[in-house]
$ cat entry-v2.cif   # mmCIF, C-alpha atoms
data_entry
#
loop_
_atom_site.label_atom_id
_atom_site.label_comp_id
_atom_site.auth_asym_id
_atom_site.auth_seq_id
_atom_site.Cartn_x
_atom_site.Cartn_y
_atom_site.Cartn_z
CA MET Q 844 -58.23 251.57 129.47
CA SER Q 845 -56.03 251.28 132.53
CA VAL Q 846 -54.07 253.62 134.77
CA PRO Q 847 -50.56 252.59 135.88
CA PRO Q 848 -50.34 252.47 139.68
CA ALA Q 849 -48.19 255.00 141.48
CA SER Q 850 -45.15 253.96 143.51
CA THR Q 851 -46.48 255.43 146.75
CA PRO Q 852 -50.10 254.87 147.82
CA GLY Q 853 -52.09 258.11 147.50
CA ALA Q 854 -49.30 259.87 145.55
CA LEU Q 855 -49.80 261.07 142.01
CA PRO Q 856 -47.40 260.10 139.24
CA PRO Q 857 -44.84 262.62 138.04
CA CYS Q 858 -46.02 265.16 135.53
CA PRO Q 859 -45.35 263.83 132.03
CA ARG Q 860 -44.70 267.38 130.78
CA CYS Q 861 -42.50 269.07 133.39
CA GLY Q 862 -41.42 265.95 135.37
CA ARG Q 863 -42.22 267.40 138.79
CA GLN Q 864 -43.81 265.36 141.55
CA ALA Q 865 -47.12 266.92 142.60
CA PRO Q 866 -48.06 266.63 146.29
CA SER Q 867 -50.99 264.47 147.23
CA GLY Q 868 -54.40 266.08 147.42
CA ILE Q 869 -53.56 268.78 144.88
CA GLY Q 870 -56.00 267.50 142.28
CA PRO Q 871 -55.75 265.76 138.93
CA PHE Q 872 -53.83 268.65 137.28
CA CYS Q 873 -50.20 269.71 137.68
CA PRO Q 874 -49.92 272.89 139.77
CA TRP Q 875 -46.95 274.12 137.69
CA CYS Q 876 -47.86 273.50 134.03
CA GLY Q 877 -51.52 272.47 134.22
CA ARG Q 878 -51.04 269.07 132.51
CA TYR Q 879 -53.43 266.24 133.39
CA LEU Q 880 -51.38 264.05 135.73
CA ALA Q 881 -53.01 260.64 135.31
CA ALA Q 882 -51.12 258.87 132.53
CA LEU Q 883 -53.63 256.75 130.68
CA GLU Q 884 -52.74 253.68 128.71
CA TRP Q 885 -55.20 252.41 126.12
CA VAL Q 886 -55.28 248.63 125.87
CA ALA Q 887 -57.28 246.92 123.13
CA SER Q 888 -58.68 243.49 124.04
CA PRO Q 889 -60.78 241.24 121.78
CA PRO Q 890 -64.44 240.90 122.79
CA ASP Q 891 -65.89 237.73 124.19
CA PRO Q 892 -67.07 235.53 121.30
CA GLY Q 893 -70.27 234.77 123.14
CA THR Q 894 -71.32 238.42 123.21
CA VAL Q 895 -70.86 239.09 119.49
CA PRO Q 896 -74.17 239.19 117.53
CA GLU Q 897 -74.65 236.66 114.78
CA SER Q 898 -75.03 239.40 112.14
CA VAL Q 899 -71.61 240.78 113.02
CA ARG Q 900 -69.91 237.46 113.45
CA ALA Q 901 -70.64 236.17 109.95
CA PRO Q 902 -70.46 238.82 107.19
CA SER Q 903 -73.60 238.79 105.07
CA ALA Q 904 -73.84 239.46 101.36
CA PRO Q 905 -74.42 243.10 100.40
CA PRO Q 906 -78.05 243.89 99.63
CA ARG Q 907 -79.02 244.18 96.01
CA ALA Q 908 -79.59 247.71 94.83
CA ARG Q 909 -83.15 248.20 93.71
CA ARG Q 910 -83.87 250.05 90.52
CA TYR Q 911 -85.30 253.55 90.72
CA PRO Q 912 -89.01 253.20 89.95
CA GLY Q 913 -89.35 256.83 88.90
CA PRO Q 914 -91.42 259.66 90.37
CA PRO Q 915 -94.59 258.80 92.27
CA ARG Q 916 -97.67 258.16 90.20
CA TYR Q 917 -101.23 258.89 91.17
CA ARG Q 918 -104.38 257.39 89.76
CA THR Q 919 -106.14 260.74 90.17
CA PRO Q 920 -104.62 264.24 90.28
CA PRO Q 921 -103.55 265.02 93.87
CA ARG Q 922 -105.45 267.78 95.62
CA TRP Q 923 -102.62 268.83 97.88
CA GLY Q 924 -99.87 271.30 97.04
CA LEU Q 925 -97.96 274.38 98.10
CA PRO Q 926 -99.60 277.82 98.06
CA VAL Q 927 -98.71 280.28 95.32
CA GLY Q 928 -96.24 282.94 96.44
CA PRO Q 929 -93.78 283.17 99.33
CA TRP Q 930 -94.50 281.54 102.65
CA ARG Q 931 -96.00 283.79 105.30
CA TYR Q 932 -96.88 283.37 108.93
CA PRO Q 933 -100.54 282.43 109.36
CA PRO Q 934 -102.61 285.33 110.73
CA GLY Q 935 -103.28 285.14 114.42
CA PRO Q 936 -106.43 286.13 116.28
CA GLN Q 937 -104.86 289.47 117.30
CA ASP Q 938 -103.55 290.32 113.83
CA GLY Q 939 -105.54 292.97 112.02
CA PRO Q 940 -105.28 294.47 108.54
CA VAL Q 941 -101.97 295.95 107.48
CA PRO Q 942 -101.88 299.71 108.23
CA VAL Q 943 -102.10 302.03 105.26
CA LEU Q 944 -98.83 303.77 106.06
CA GLU Q 945 -97.12 300.38 106.24
CA ARG Q 946 -98.27 299.63 102.69
CA VAL Q 947 -97.14 303.06 101.50
CA ARG Q 948 -93.72 302.50 103.07
CA GLY Q 949 -93.35 299.09 101.46
CA LEU Q 950 -94.45 300.26 98.02
CA SER Q 951 -92.12 303.27 98.19
CA ALA Q 952 -89.21 301.00 99.07
CA GLN Q 953 -89.97 298.88 95.98
CA LEU Q 954 -90.88 301.69 93.58
CA VAL Q 955 -87.77 303.85 94.01
CA PRO Q 956 -85.23 301.12 93.04
CA VAL Q 957 -87.38 300.08 90.06
CA LEU Q 958 -87.49 303.70 88.91
CA TRP Q 959 -83.69 303.89 89.07
CA VAL Q 960 -83.51 300.72 86.97
CA THR Q 961 -85.92 302.31 84.50
CA LEU Q 962 -83.72 305.39 84.32
CA GLY Q 963 -80.67 303.25 83.56
CA ALA Q 964 -82.48 301.18 80.92
CA CYS Q 965 -83.85 304.27 79.18
CA ALA Q 966 -80.42 305.91 79.21
CA LEU Q 967 -78.90 302.78 77.66
CA ALA Q 968 -81.61 302.74 74.99
CA ALA Q 969 -80.96 306.42 74.22
CA VAL Q 970 -77.24 305.74 73.76
CA ALA Q 971 -78.04 302.85 71.43
CA GLU Q 972 -80.37 305.00 69.32
CA VAL Q 973 -77.79 307.79 69.06
CA TRP Q 974 -75.17 305.27 67.97
CA ARG Q 975 -77.54 303.90 65.32
CA TYR Q 976 -78.21 307.40 64.00
CA GLY Q 977 -74.47 308.01 63.83
CA LEU Q 978 -74.07 304.84 61.77
CA LEU Q 979 -76.83 306.05 59.46
CA LEU Q 980 -74.96 309.30 58.87
CA ALA Q 981 -71.68 307.46 58.29
CA SER Q 982 -73.30 305.06 55.79
CA ARG Q 983 -73.99 307.90 53.35
CA ALA Q 984 -70.30 308.20 52.45
CA ASP Q 985 -68.77 304.79 53.19
CA ALA Q 986 -69.62 301.16 53.87
CA LEU Q 987 -70.18 300.16 57.50
CA SER Q 988 -68.40 297.46 59.47
CA ALA Q 989 -70.44 294.31 59.97
CA SER Q 990 -69.38 294.03 63.62
CA ALA Q 991 -70.38 297.65 64.34
CA VAL Q 992 -73.80 297.13 62.79
CA GLY Q 993 -74.27 293.87 64.72
CA TRP Q 994 -73.33 295.44 68.06
CA SER Q 995 -75.58 298.42 67.34
CA ASP Q 996 -78.56 296.21 66.54
CA ALA Q 997 -77.98 294.09 69.66
CA LEU Q 998 -77.70 297.17 71.87
CA VAL Q 999 -80.85 298.71 70.38
CA TRP Q 1000 -82.77 295.47 70.85
CA PHE Q 1001 -81.60 294.96 74.43
CA GLY Q 1002 -82.03 298.59 75.48
CA GLY Q 1003 -85.46 298.85 73.88
CA TRP Q 1004 -86.93 295.75 75.50
CA ALA Q 1005 -85.22 296.42 78.84
CA SER Q 1006 -86.67 299.93 78.95
CA VAL Q 1007 -90.15 298.62 78.07
CA ALA Q 1008 -90.02 295.94 80.79
CA ALA Q 1009 -88.72 298.37 83.41
CA THR Q 1010 -91.34 300.97 82.44
CA LEU Q 1011 -94.16 298.44 82.80
CA ALA Q 1012 -92.88 297.28 86.19
CA SER Q 1013 -92.52 300.84 87.49
CA GLY Q 1014 -95.95 301.73 86.08
CA VAL Q 1015 -97.67 298.90 87.99
CA LEU Q 1016 -95.96 299.89 91.23
CA LEU Q 1017 -96.68 303.58 90.63
CA VAL Q 1018 -100.42 302.94 90.22
CA GLN Q 1019 -100.51 300.89 93.43
CA TRP Q 1020 -98.49 303.51 95.27
CA SER Q 1021 -100.86 306.29 94.15
CA LEU Q 1022 -103.88 304.29 95.34
CA TRP Q 1023 -102.50 303.78 98.83
CA THR Q 1024 -101.03 307.27 99.18
CA SER Q 1025 -104.37 308.88 98.33
CA ARG Q 1026 -106.02 306.74 100.99
CA ALA Q 1027 -103.32 307.49 103.55
CA ALA Q 1028 -103.54 311.23 102.83
CA ALA Q 1029 -107.33 311.14 103.24
CA ASP Q 1030 -106.96 309.36 106.58
CA ARG Q 1031 -104.40 311.95 107.67
CA ALA Q 1032 -106.73 314.81 106.76
CA GLY Q 1033 -109.78 313.11 108.28
CA THR Q 1034 -111.67 312.88 104.97
CA ARG Q 1035 -112.53 310.26 102.37
CA PRO Q 1036 -110.67 309.77 99.06
CA ALA Q 1037 -112.27 311.87 96.33
CA ARG Q 1038 -111.66 309.18 93.67
CA SER Q 1039 -112.55 305.52 93.66
CA ARG Q 1040 -110.02 302.81 92.92
CA ARG Q 1041 -111.45 302.24 89.44
CA THR Q 1042 -111.26 305.95 88.64
CA VAL Q 1043 -107.64 306.11 89.71
CA VAL Q 1044 -106.61 303.09 87.63
CA LEU Q 1045 -108.48 304.30 84.54
CA GLY Q 1046 -106.96 307.75 84.95
CA TRP Q 1047 -103.49 306.23 84.60
CA LEU Q 1048 -104.34 303.95 81.65
CA VAL Q 1049 -106.92 305.64 79.39
CA PRO Q 1050 -105.18 307.55 76.56
CA GLY Q 1051 -105.83 311.28 76.70
CA TRP Q 1052 -107.21 311.08 80.20
CA ASN Q 1053 -103.80 309.99 81.53
CA LEU Q 1054 -102.40 313.41 80.59
CA VAL Q 1055 -104.47 315.12 83.30
CA ALA Q 1056 -105.68 312.55 85.83
CA PRO Q 1057 -102.32 311.49 87.38
CA GLY Q 1058 -101.21 315.06 88.06
CA SER Q 1059 -104.52 316.07 89.60
CA LEU Q 1060 -104.57 312.90 91.72
CA LEU Q 1061 -101.10 313.58 93.13
CA ALA Q 1062 -102.02 317.24 93.68
CA GLU Q 1063 -105.02 316.18 95.76
CA THR Q 1064 -102.84 313.71 97.67
CA GLU Q 1065 -100.25 316.39 98.38
CA HIS Q 1066 -102.99 318.82 99.48
CA ALA Q 1067 -104.43 316.29 101.94
CA ALA Q 1068 -100.98 315.22 103.20
CA LEU Q 1069 -100.23 318.85 104.11
CA GLU Q 1070 -103.52 318.89 106.10
CA LEU Q 1071 -104.80 321.92 104.22
CA PRO Q 1072 -108.52 322.77 104.30
CA ALA Q 1073 -110.59 320.34 102.27
CA GLY Q 1074 -112.67 323.13 100.72
CA ARG Q 1075 -109.64 324.90 99.25
CA THR Q 1076 -108.61 324.16 95.67
CA PRO Q 1077 -105.40 322.07 95.60
CA ARG Q 1078 -102.39 324.01 94.37
CA PRO Q 1079 -99.59 321.60 93.39
CA SER Q 1080 -96.05 322.40 94.41
CA ARG Q 1081 -93.34 323.33 91.94
CA GLU Q 1082 -91.85 319.82 92.19
CA LEU Q 1083 -95.17 318.29 91.22
CA LEU Q 1084 -95.79 320.79 88.42
CA VAL Q 1085 -92.44 319.95 86.81
CA TRP Q 1086 -93.22 316.24 87.02
CA TRP Q 1087 -96.71 316.81 85.60
CA ALA Q 1088 -95.32 318.65 82.58
CA LEU Q 1089 -92.66 315.97 81.94
CA TRP Q 1090 -95.26 313.23 82.29
CA GLY Q 1091 -97.59 314.83 79.76
CA VAL Q 1092 -94.84 315.45 77.21
CA CYS Q 1093 -93.51 311.91 77.65
CA VAL Q 1094 -96.94 310.33 77.11
CA ALA Q 1095 -97.62 312.51 74.05
CA LEU Q 1096 -94.21 311.77 72.53
CA ALA Q 1097 -94.70 308.03 73.11
CA ALA Q 1098 -97.98 308.16 71.18
CA VAL Q 1099 -96.34 310.09 68.33
CA THR Q 1100 -93.46 307.58 68.19
CA LEU Q 1101 -95.85 304.62 68.00
CA LEU Q 1102 -97.81 306.24 65.19
CA TRP Q 1103 -94.61 307.16 63.35
CA ARG Q 1104 -93.70 303.47 63.07
CA LEU Q 1105 -96.63 303.05 60.65
CA ARG Q 1106 -94.84 305.16 58.05
CA SER Q 1107 -92.48 303.60 55.51
CA GLY Q 1108 -89.42 304.91 53.70
CA THR Q 1109 -85.78 305.55 54.47
CA GLN Q 1110 -86.29 309.08 55.77
CA ALA Q 1111 -89.18 307.93 57.97
CA LEU Q 1112 -86.96 305.25 59.51
CA ALA Q 1113 -84.21 307.79 60.20
CA ASP Q 1114 -86.72 310.18 61.77
CA GLY Q 1115 -88.04 307.29 63.86
CA VAL Q 1116 -84.56 306.73 65.28
CA VAL Q 1117 -84.41 310.39 66.35
CA LEU Q 1118 -87.85 310.16 67.95
CA HIS Q 1119 -86.88 307.02 69.85
CA ALA Q 1120 -83.72 308.71 71.14
CA TRP Q 1121 -85.63 311.76 72.39
CA LEU Q 1122 -88.30 309.54 73.94
CA ASP Q 1123 -85.70 307.51 75.84
CA VAL Q 1124 -83.99 310.65 77.14
CA LEU Q 1125 -87.30 312.15 78.23
CA ALA Q 1126 -88.35 308.88 79.89
CA ALA Q 1127 -85.09 308.80 81.86
CA VAL Q 1128 -85.61 312.38 83.07
CA THR Q 1129 -89.23 311.62 83.97
CA ALA Q 1130 -88.17 308.58 85.98
CA TRP Q 1131 -85.73 310.74 87.91
CA ARG Q 1132 -88.40 313.35 88.68
CA THR Q 1133 -90.81 310.58 89.66
CA VAL Q 1134 -88.33 309.43 92.29
CA ARG Q 1135 -88.32 312.94 93.76
CA VAL Q 1136 -92.13 313.12 93.79
CA VAL Q 1137 -92.47 309.70 95.41
CA ARG Q 1138 -90.01 310.63 98.13
CA ARG Q 1139 -91.68 314.00 98.71
CA ILE Q 1140 -95.24 312.71 99.10
CA SER Q 1141 -94.13 309.69 101.15
CA GLY Q 1142 -92.18 312.05 103.41
CA LEU Q 1143 -95.24 314.27 103.87
CA LEU Q 1144 -97.34 311.27 104.91
CA GLU Q 1145 -94.72 309.94 107.30
CA PRO Q 1146 -92.22 312.69 108.13
CA SER Q 1147 -88.88 311.75 109.63
CA PRO Q 1148 -86.51 314.10 111.46
CA GLN Q 1149 -83.81 315.47 109.17
CA GLY Q 1150 -80.74 317.56 109.75
CA ARG Q 1151 -78.78 318.21 112.95
CA ARG Q 1152 -80.38 317.87 116.33
CA GLU Q 1153 -79.23 319.22 119.70
CA LEU Q 1154 -79.21 317.04 122.79
CA LEU Q 1155 -79.60 318.97 126.02
CA VAL Q 1156 -77.58 317.31 128.77
CA ARG Q 1157 -77.25 318.49 132.38
CA PRO Q 1158 -74.67 316.75 134.60
CA SER Q 1159 -76.27 315.13 137.61
CA GLN Q 1160 -74.78 314.73 141.06
CA ALA Q 1161 -74.86 310.96 140.69
CA THR Q 1162 -72.23 311.11 137.94
CA GLY Q 1163 -69.74 313.04 140.05
CA PRO Q 1164 -68.55 316.64 140.04
CA ALA Q 1165 -68.48 318.66 136.85
CA ARG Q 1166 -65.29 318.83 134.85
CA ALA Q 1167 -62.96 321.76 135.24
CA GLY Q 1168 -63.68 324.53 132.81
CA SER Q 1169 -67.21 323.30 131.99
CA ARG Q 1170 -70.01 325.79 131.55
CA PRO Q 1171 -72.33 326.04 134.57
CA ALA Q 1172 -75.95 325.03 134.09
CA ALA Q 1173 -78.37 327.85 133.41
CA ALA Q 1174 -81.13 328.75 135.76
CA PRO Q 1175 -84.48 327.03 135.22
CA VAL Q 1176 -86.82 328.81 132.85
CA THR Q 1177 -90.33 329.12 134.24
CA ASP Q 1178 -93.49 330.54 132.78
CA PRO Q 1179 -95.36 333.36 134.52
CA PRO Q 1180 -98.44 332.41 136.50
CA GLY Q 1181 -101.42 331.68 134.27
CA ALA Q 1182 -99.39 331.35 131.05
CA SER Q 1183 -99.99 328.36 128.84
CA PRO Q 1184 -97.15 325.93 128.22
CA THR Q 1185 -95.13 326.58 125.10
CA ALA Q 1186 -93.53 324.07 122.77
CA GLY Q 1187 -89.85 323.37 123.21
CA PRO Q 1188 -87.27 322.61 120.49
CA ASP Q 1189 -88.09 318.89 120.64
CA GLY Q 1190 -91.85 319.37 120.23
CA HIS Q 1191 -92.77 318.68 123.91
CA PRO Q 1192 -94.47 321.38 126.02
CA VAL Q 1193 -92.24 323.37 128.30
CA GLY Q 1194 -94.04 324.04 131.57
CA ALA Q 1195 -93.20 325.58 134.92
CA ASP Q 1196 -91.47 322.38 136.10
CA ARG Q 1197 -89.16 322.06 133.06
CA SER Q 1198 -85.71 323.56 132.84
CA VAL Q 1199 -83.86 324.31 129.63
CA GLU Q 1200 -80.13 324.83 129.62
CA PRO Q 1201 -77.72 325.32 126.73
CA ALA Q 1202 -75.82 322.26 125.60
CA PRO Q 1203 -72.05 322.47 125.19
CA ALA Q 1204 -70.59 321.99 121.73
CA ALA Q 1205 -69.26 318.54 122.65
CA ASP Q 1206 -72.79 317.30 123.51
CA ARG Q 1207 -74.30 318.11 120.11
CA SER Q 1208 -75.03 315.12 117.92
CA GLY Q 1209 -76.15 314.93 114.32
#
$ encode --input "entry-v2.cif" --output "structure tokens"
Amino acid sequence: MSVPPASTPGALPPCPRCGRQAPSGIGPFCPWCGRYLAALEWVASPPDPGTVPESVRAPSAPPRARRYPGPPRYRTPPRWGLPVGPWRYPPGPQDGPVPVLERVRGLSAQLVPVLWVTLGACALAAVAEVWRYGLLLASRADALSASAVGWSDALVWFGGWASVAATLASGVLLVQWSLWTSRAAADRAGTRPARSRRTVVLGWLVPGWNLVAPGSLLAETEHAALELPAGRTPRPSRELLVWWALWGVCVALAAVTLLWRLRSGTQALADGVVLHAWLDVLAAVTAWRTVRVVRRISGLLEPSPQGRRELLVRPSQATGPARAGSRPAAAPVTDPPGASPTAGPDGHPVGADRSVEPAPAADRSG
């Protein structure tokens, strides 16, 4: 690379873009268009033969490609491997056990979407069963289309197994959620859980017992989450009572439907289709009410502010004078001597050194 010399010593060459002559000492860039003034010329010259390595000077034959020997083989089974499950950060010396409310929050975030999937699968299964029953009624007077029967059987098969899989997944998460919510409610109330983990799990699974145990467990959890006296008998809310009734009817109808499959005959098969349709509809409604119960109890354990909130703002002198037409600030509100502080709208005590003024409509935020 070389730079052509300028005609005058110390003078820069003319700008190759605009053609103007830049004065000396202005810098390497044109003051008018900003182009780099030094015109570079690239000159390629062959290297000195004495400096070329021998490997480059004489081309060698390409290396022979070796055959793939296959995966590695071990004389004994290796004892190393990756852990089962997703990778997690190793616990540090300051890390303690996961808080109970954190587990409740995580399980609620997983359980609610799975319940919505269960609702959709059960609704699809109900539609498939109603379509099958309609085909049964139509077959009494005329022959059925082979494609309609095939699509009906495929939809019944897919909807049935999808609803079963979604119900099992939501059931596992619901049992875990009930375990941790009962513990979190007991911690909130300052007591110990009235039921052991084994009792809670058996109450959800044992036939007959699962008609009563889940509702009473959630009623006790709701009672403790509301911080009501421990000696008082829990009185479930209306939301929980509706769910309890739907849960019991759904479990009983599922048992009747399973026993009905043992019968044989054309009329028994037709009646089984009707029972499956009603069971799928009831399961979808129960899943919807379960979502409401999960959100209610989780909200009682970890309440979050809802609705509109008012932000009280008072213009300070540092921000300049108040705008024209603005409402003047109210006088400070003080308590009489000896009075105890009262709670303000934001939950903090309002004492003698606190002032409360109305907020203009423009300063209110949702």
$ atom_distance --input "entry-v2.cif" --atom1 "atom CA of Q:Val1124" --atom2 "atom CA of Q:Ala969"
6.0 Å
$ resolve_selection --input "entry-v2.cif" --expression "the PyMOL selection byres ((chain Q and resi 976) around 10)" --output "CSV table (one decimal) with C-alpha atoms, in the frame of the given file"
chain,number,residue,atom,x,y,z
Q,970,VAL,CA,-77.2,305.7,73.8
Q,971,ALA,CA,-78.0,302.8,71.4
Q,972,GLU,CA,-80.4,305.0,69.3
Q,973,VAL,CA,-77.8,307.8,69.1
Q,974,TRP,CA,-75.2,305.3,68.0
Q,975,ARG,CA,-77.5,303.9,65.3
Q,977,GLY,CA,-74.5,308.0,63.8
Q,978,LEU,CA,-74.1,304.8,61.8
Q,979,LEU,CA,-76.8,306.0,59.5
Q,980,LEU,CA,-75.0,309.3,58.9
Q,981,ALA,CA,-71.7,307.5,58.3
Q,982,SER,CA,-73.3,305.1,55.8
Q,995,SER,CA,-75.6,298.4,67.3
Q,1113,ALA,CA,-84.2,307.8,60.2
Q,1114,ASP,CA,-86.7,310.2,61.8
Q,1115,GLY,CA,-88.0,307.3,63.9
Q,1116,VAL,CA,-84.6,306.7,65.3
Q,1117,VAL,CA,-84.4,310.4,66.4
Q,1120,ALA,CA,-83.7,308.7,71.1
$ closest_residue --input "entry-v2.cif" --among "Q:Ala966, Q:Val1044, Q:Ala1067, Q:Leu1125" --to "Q:Val1015" --atoms "only C-alpha atoms"
Q:Val1044
$ resolve_selection --input "entry-v2.cif" --expression "the PyMOL selection byres ((chain Q and resi 1078-1089) around 6)" --output "PyMOL selection string"
chain Q and resi 1058+1062+1077+1090-1093+1129+1132
$ closest_residue --input "entry-v2.cif" --among "Q:Ala1056, Q:Pro1050, Q:Pro914, Q:Leu1102" --to "Q:Arg1038" --atoms "all atoms listed in the file"
Q:Ala1056
$ atom_distance --input "entry-v2.cif" --atom1 "atom CA of Q:Ala1126" --atom2 "atom CA of Q:Ala1111"
22.0 Å
$ resolve_selection --input "entry-v2.cif" --expression "the PyMOL selection byres ((chain Q and resi 866) around 12)" --output "list of chain:residue names"
Q:Thr851, Q:Gly853, Q:Ala854, Q:Leu855, Q:Pro856, Q:Pro857, Q:Cys858, Q:Arg863, Q:Gln864, Q:Ala865, Q:Ser867, Q:Gly868, Q:Ile869, Q:Gly870, Q:Pro871, Q:Phe872, Q:Cys873, Q:Pro874, Q:Trp875, Q:Leu880
$ closest_residue --input "entry-v2.cif" --among "Q:Ala1098, Q:Val1043, Q:Ala986, Q:Val943" --to "Q:Leu1144" --atoms "only C-alpha atoms"
Q:Val943
$ atom_distance --input "entry-v2.cif" --atom1 "atom CA of Q:Ala1028" --atom2 "atom CA of Q:Glu1065"
7.6 Å
$ closest_residue --input "entry-v2.cif" --among "Q:Val1099, Q:Leu925, Q:Leu987, Q:Val1018" --to "Q:Pro1057" --atoms "only C-alpha atoms"
Q:Val1018
$ residues_around --input "entry-v2.cif" --residues "Q:Leu1143" --least-positions-apart "3" --cutoff "12 Å" --atoms "all atoms listed in the file" --output "list in words"
Leu944, Val947, Arg948, Thr1024, Ser1025, Ala1027, Ala1028, Arg1031, Ala1032, Thr1064, Glu1065, His1066, Ala1067, Ala1068, Leu1069, Glu1070, Val1136, Val1137, Arg1138, Arg1139, Ile1140, Pro1146, Ser1147 and Pro1148 of chain Q
$ closest_residue --input "entry-v2.cif" --among "Q:Gln1019, Q:Ser1107, Q:Ser1059, Q:Thr961" --to "Q:Ala1037" --atoms "all atoms listed in the file"
Q:Ser1059
$ residues_around --input "entry-v2.cif" --residues "Q:Thr1010" --least-positions-apart "4" --cutoff "12 Å" --atoms "all atoms listed in the file" --output "list of chain:residue names"
Q:Leu954, Q:Val957, Q:Leu958, Q:Trp959, Q:Val960, Q:Thr961, Q:Leu962, Q:Gly963, Q:Ala964, Q:Cys965, Q:Gly1002, Q:Gly1003, Q:Trp1004, Q:Ala1005, Q:Ser1006, Q:Gly1014, Q:Val1015, Q:Leu1016, Q:Leu1017, Q:Asp1123, Q:Ala1126, Q:Ala1127, Q:Thr1129, Q:Ala1130
$ axis_aligned_box --input "entry-v2.cif" --around "stretch 1079-1097 of chain Q" --padding-each-side "4 Å" --output "AutoDock Vina command-line options"
--center_x -95.7 --center_y 315.7 --center_z 83.5 --size_x 15.7 --size_y 23.3 --size_z 29.9
$ closest_residue --input "entry-v2.cif" --among "Q:Trp1023, Q:Gly1074, Q:Val1007, Q:Asp1030" --to "Q:Leu1122" --atoms "all atoms listed in the file"
Q:Val1007
